[in-house]
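Text of coords32.txt (compact mmCIF, C-alpha atoms) as supplied:
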```txt
# COMPACT_ATOMS: atom_id res chain seq x y z
CA MET U 256 64.44 24.49 -22.73
CA ILE U 257 60.69 24.68 -23.27
CA PRO U 258 59.42 22.22 -25.92
CA VAL U 259 58.35 23.85 -29.19
CA HIS U 260 54.86 22.33 -28.86
CA ASP U 261 54.36 23.98 -25.48
CA LEU U 262 55.59 27.32 -26.82
CA LEU U 263 53.13 27.12 -29.72
CA VAL U 264 50.22 26.29 -27.40
CA PHE U 265 51.22 29.13 -25.08
CA ALA U 266 51.49 31.52 -28.04
CA GLY U 267 47.96 30.49 -29.04
CA ALA U 268 46.70 31.15 -25.53
CA SER U 269 48.46 34.54 -25.57
CA LEU U 270 46.84 35.36 -28.91
CA LEU U 271 43.40 34.53 -27.55
CA LEU U 272 44.14 36.65 -24.50
CA VAL U 273 44.90 39.74 -26.54
CA LEU U 274 41.96 39.16 -28.92
CA THR U 275 39.51 38.90 -26.01
CA PRO U 276 38.18 42.40 -25.26
CA GLY U 277 39.50 43.86 -22.03
CA PRO U 278 40.68 47.15 -20.47
CA ASN U 279 43.82 47.40 -22.63
CA MET U 280 42.00 46.85 -25.92
CA LEU U 281 39.17 49.20 -24.99
CA TYR U 282 41.61 51.95 -23.99
CA LEU U 283 43.75 51.63 -27.11
CA ILE U 284 40.77 51.57 -29.45
CA SER U 285 39.19 54.55 -27.70
CA ARG U 286 42.36 56.61 -27.95
CA SER U 287 43.02 55.64 -31.56
CA ILE U 288 39.51 56.48 -32.71
CA CYS U 289 39.17 59.68 -30.67
CA GLN U 290 42.71 61.12 -30.85
CA GLY U 291 44.41 59.39 -33.77
CA ARG U 292 47.07 56.77 -34.40
CA THR U 293 49.93 58.64 -32.73
CA ALA U 294 48.00 58.83 -29.47
CA GLY U 295 47.14 55.14 -29.77
CA VAL U 296 50.76 54.11 -30.31
CA THR U 297 51.92 56.29 -27.38
CA SER U 298 49.31 54.60 -25.19
CA LEU U 299 50.45 51.20 -26.47
CA ALA U 300 54.02 51.93 -25.33
CA GLY U 301 52.71 52.32 -21.78
CA VAL U 302 50.65 49.14 -22.07
CA VAL U 303 53.71 47.15 -23.20
CA LEU U 304 55.78 48.44 -20.28
CA GLY U 305 52.98 47.19 -18.03
CA PHE U 306 53.38 43.74 -19.62
CA PHE U 307 57.05 43.74 -18.60
CA VAL U 308 56.02 44.51 -15.01
CA HIS U 309 53.64 41.52 -15.05
CA MET U 310 56.29 39.30 -16.63
CA LEU U 311 59.02 40.10 -14.10
CA ALA U 312 56.66 39.74 -11.17
CA ALA U 313 55.41 36.40 -12.47
CA SER U 314 58.92 35.13 -13.30
CA LEU U 315 60.18 35.84 -9.80
CA GLY U 316 56.97 34.57 -8.20
CA VAL U 317 56.82 31.35 -10.22
CA THR U 318 60.43 30.58 -9.36
CA ALA U 319 59.73 31.06 -5.65
CA LEU U 320 56.56 28.97 -5.91
CA PHE U 321 58.37 26.03 -7.47
CA MET U 322 60.87 26.14 -4.61
CA ALA U 323 58.39 26.56 -1.76
CA VAL U 324 54.90 25.26 -2.54
CA PRO U 325 54.82 22.72 -5.41
CA MET U 326 51.26 21.62 -4.56
CA ALA U 327 49.99 25.15 -5.22
CA PHE U 328 50.09 24.34 -8.93
CA GLU U 329 47.08 22.07 -8.62
CA ALA U 330 45.03 25.03 -7.39
CA LEU U 331 46.52 27.28 -10.08
CA LYS U 332 45.63 24.70 -12.74
CA TRP U 333 41.95 24.71 -11.81
CA ALA U 334 41.94 28.48 -11.45
CA GLY U 335 43.40 28.77 -14.95
CA ALA U 336 40.83 26.37 -16.40
CA ALA U 337 38.00 28.29 -14.73
CA TYR U 338 39.38 31.57 -16.07
CA LEU U 339 39.54 30.24 -19.63
CA LEU U 340 35.94 29.03 -19.34
CA TRP U 341 34.93 32.47 -18.09
CA MET U 342 36.63 34.09 -21.10
CA ALA U 343 34.84 31.60 -23.38
CA TRP U 344 31.51 32.63 -21.84
CA GLN U 345 32.34 36.31 -22.27
CA ALA U 346 32.96 35.64 -25.97
CA LEU U 347 29.74 33.64 -26.45
CA ARG U 348 27.26 35.23 -24.06
CA PRO U 349 24.18 36.88 -25.59
CA GLY U 350 24.33 40.65 -25.82
CA GLY U 351 28.11 40.93 -25.69
CA ALA U 352 29.24 44.13 -27.39
CA SER U 353 32.26 44.56 -29.63
CA PRO U 354 34.94 46.98 -28.40
CA PHE U 355 34.86 48.52 -31.87
CA GLU U 356 31.34 49.80 -31.19
CA GLN U 357 33.01 52.76 -29.50
CA THR U 358 30.72 55.75 -29.08
CA THR U 359 32.40 57.65 -26.23
CA THR U 360 34.32 60.79 -27.17
CA LEU U 361 37.48 61.26 -25.11
CA PRO U 362 39.23 64.64 -24.63
CA PRO U 363 42.79 64.94 -26.04
CA GLU U 364 45.63 64.12 -23.63
CA SER U 365 49.37 64.90 -23.63
CA PRO U 366 51.83 62.16 -24.70
CA ARG U 367 53.10 61.81 -21.12
CA ARG U 368 49.57 61.29 -19.80
CA LEU U 369 48.72 58.88 -22.62
CA PHE U 370 51.79 56.78 -21.78
CA ALA U 371 51.04 56.84 -18.04
CA MET U 372 47.39 55.90 -18.55
CA GLY U 373 48.41 53.03 -20.82
CA LEU U 374 50.92 51.82 -18.22
CA PHE U 375 48.47 51.87 -15.32
CA THR U 376 45.68 50.37 -17.41
CA SER U 377 48.01 47.46 -18.22
CA ILE U 378 49.35 46.99 -14.68
CA LEU U 379 45.87 47.08 -13.17
CA ASN U 380 44.33 44.88 -15.90
CA PRO U 381 42.88 41.84 -14.07
CA LYS U 382 42.79 39.82 -17.29
CA VAL U 383 46.57 39.98 -17.71
CA ALA U 384 47.22 39.45 -14.00
CA ILE U 385 45.05 36.33 -13.84
CA PHE U 386 46.64 34.99 -17.03
CA TYR U 387 50.12 35.28 -15.53
CA LEU U 388 49.09 33.86 -12.17
CA SER U 389 46.97 30.90 -13.26
CA ILE U 390 47.83 29.91 -16.85
CA PHE U 391 51.45 31.01 -17.15
CA PRO U 392 52.83 28.51 -14.56
CA GLN U 393 51.29 25.51 -16.33
CA PHE U 394 53.83 25.84 -19.15
CA VAL U 395 56.86 25.87 -16.82
CA SER U 396 58.59 22.65 -15.75
CA ALA U 397 61.63 22.19 -13.51
CA GLU U 398 62.69 19.39 -15.90
CA HIS U 399 63.30 21.92 -18.66
CA GLY U 400 65.96 23.95 -16.88
CA SER U 401 65.89 27.29 -15.08
CA VAL U 402 62.35 28.13 -14.01
CA PHE U 403 63.17 31.84 -14.09
CA TRP U 404 64.45 31.81 -17.67
CA GLN U 405 61.56 29.63 -18.82
CA SER U 406 59.24 32.22 -17.31
CA VAL U 407 61.08 35.05 -19.05
CA THR U 408 60.87 33.17 -22.37
CA LEU U 409 57.13 32.66 -22.00
CA GLY U 410 56.73 36.28 -20.95
CA MET U 411 58.51 37.48 -24.07
CA VAL U 412 56.23 35.30 -26.21
CA GLN U 413 53.19 36.88 -24.55
CA ILE U 414 54.58 40.42 -24.87
CA THR U 415 55.58 39.98 -28.52
CA THR U 416 52.19 38.50 -29.41
CA SER U 417 50.26 41.16 -27.53
CA PHE U 418 52.35 44.01 -28.92
CA SER U 419 51.96 42.82 -32.52
CA VAL U 420 48.19 42.39 -32.31
CA ASN U 421 47.61 45.57 -30.32
CA LEU U 422 49.75 47.57 -32.74
CA LEU U 423 47.64 46.41 -35.68
CA ILE U 424 44.44 47.15 -33.76
CA THR U 425 45.74 50.59 -32.78
CA LEU U 426 46.78 51.52 -36.31
CA PHE U 427 43.59 50.30 -37.96
CA ALA U 428 40.98 50.77 -35.20
CA ALA U 429 38.78 53.13 -37.20
CA ARG U 430 38.80 50.96 -40.33
CA ILE U 431 38.14 47.79 -38.32
CA ALA U 432 35.22 49.47 -36.57
CA ILE U 433 33.66 50.41 -39.92
CA TRP U 434 34.29 46.93 -41.37
CA PHE U 435 32.65 45.14 -38.43
CA LYS U 436 29.71 47.53 -38.62
CA ASP U 437 29.21 46.61 -42.28
CA ASN U 438 29.85 42.85 -41.71
CA PRO U 439 28.19 41.83 -38.43
CA HIS U 440 28.12 38.14 -39.42
CA TRP U 441 31.93 38.01 -39.29
CA LEU U 442 31.85 39.44 -35.79
CA ARG U 443 29.49 36.65 -34.70
CA ALA U 444 31.70 34.01 -36.37
CA GLN U 445 34.79 35.40 -34.62
CA LYS U 446 33.05 35.20 -31.25
CA TRP U 447 32.07 31.55 -31.73
CA VAL U 448 35.54 30.50 -32.91
CA MET U 449 37.19 32.30 -30.01
CA GLY U 450 34.76 30.90 -27.45
CA THR U 451 35.16 27.33 -28.73
CA VAL U 452 38.97 27.48 -28.71
CA LEU U 453 39.04 29.01 -25.23
CA ALA U 454 36.79 26.25 -23.91
CA GLY U 455 39.05 23.65 -25.54
CA LEU U 456 42.11 25.18 -23.86
CA ALA U 457 40.28 25.09 -20.53
CA VAL U 458 39.61 21.34 -20.91
CA ARG U 459 43.23 20.71 -21.93
CA LEU U 460 44.51 22.62 -18.93
CA ALA U 461 42.17 20.83 -16.50
CA MET U 462 43.26 17.40 -17.77
CA GLU U 463 46.97 18.15 -17.77
CA GLN U 464 49.06 16.40 -15.13
CA ARG U 465 51.55 18.34 -13.05
CA ARG U 466 55.10 18.04 -14.46
```
Transcribe the structure of this file into structure tokens.
Amino acid sequence: MIPVHDLLVFAGASLLLVLTPGPNMLYLISRSICQGRTAGVTSLAGVVLGFFVHMLAASLGVTALFMAVPMAFEALKWAGAAYLLWMAWQALRPGGASPFEQTTTLPPESPRRLFAMGLFTSILNPKVAIFYLSIFPQFVSAEHGSVFWQSVTLGMVQITTSFSVNLLITLFAARIAIWFKDNPHWLRAQKWVMGTVLAGLAVRLAMEQRR
């Protein structure tokens, strides 16, 4: 069983992942603003299914990795730390735009196409793939029981967190966009908090010993 402390830290990392702008967020916001909430929620259903694909692939892969190449986790640890630092830089770098500054008008799409586009956007999202490959394994330990079921548990934490946040963003995208436009100082504060926490997670991950 995964310790509660580790689950909470992983949930925090998952929350930062979903709050960091990426292909999924940009697509959902674009659809919600341009075609309405129903289109955004339909797209979100496809995105969530893509998360399950990532989770199952990672769960099976992590299990095999523990069995075959234990030393690979040292490389994954440093890759994860580097990725978190890169996300911190993306949050703090000068000139970074908010995804809510959406100006592109998208043509309406059918529900089937919205779902499919959400699915493929999620599956092909490098941010999610790298998270599962480099950060995900650091919270799994053979000492805590079945590696596969630990991986599934962590995956469900990530999916639940991402779904909850993305649903709120999808439902209130237009209002959030207007609020950030009227309160740019809060957007700057959010970027600094996110960047600082991401950098802290990167340091924690780099210093952590293999279990």
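CA of Ala384 (chain U) to CA of Val308 (chain U) spans 10.2 Å [interatomic distance, one decimal].
Ranking U:Phe386, U:Trp333, U:Phe394, U:Phe375 by their shortest atom-to-atom distance to Val264 (chain U), with only C-alpha atoms included, puts U:Phe394 first.
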Next on the checklist: Residues within 12 Å of Leu426 (chain U), please, as a VMD selection string. Count only C-alpha atoms; anything in the same chain fewer than 3 positions from it doesn't count.
Outcome noted: chain U and resid 283 to 288 290 to 299 418 to 423 429 to 432
Checklist outcome for this item: CA of Phe307 (chain U) sits from CA of Ala334 (chain U) at a separation of 22.6 Å
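Between CA of Thr275 (chain U) and CA of Asp437 (chain U) there is a distance of 20.7 Å.
If you measure from each of U:Leu304, U:Leu311, U:Trp404, U:Lys382 to Phe370 (chain U) using only C-alpha atoms, the closest one turns out to be U:Leu304.
Remark: for Val395 (chain U), the closest of the candidate residues U:Thr415, U:Ser365, U:Asn279, U:Ser314 is U:Ser314 (distances computed over only C-alpha atoms).
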As a PDB file with C-alpha atoms, keeping the file's coordinate frame, please: the residues near Leu270 (chain U) (cut-off 8 Å, all atoms listed in the file, same-chain neighbours under 6 positions excluded).
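File produced: part23.pdb:
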```pdb
ATOM      1  CA  GLN U 413      53.190  36.880 -24.550  1.00  0.00           C
ATOM      2  CA  THR U 416      52.190  38.500 -29.410  1.00  0.00           C
ATOM      3  CA  SER U 417      50.260  41.160 -27.530  1.00  0.00           C
ATOM      4  CA  VAL U 420      48.190  42.390 -32.310  1.00  0.00           C
TER       5      VAL U 420
END
```
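Checking U:Gly316, U:Gly373, U:Gly455, U:Pro349 one by one against Ser406 (chain U), counting all atoms listed in the file, you find the shortest gap at U:Gly316.
Comparing U:Cys289, U:Leu340, U:Leu409, U:Leu262 by their smallest distance to Ala461 (chain U), the closest is U:Leu340 (using only C-alpha atoms).
Residues with any atom within 8 Å of Val303 (chain U), counting only C-alpha atoms and excluding same-chain neighbours fewer than 6 positions away, are Leu374, Ser377, Ile414 and Phe418 of chain U.
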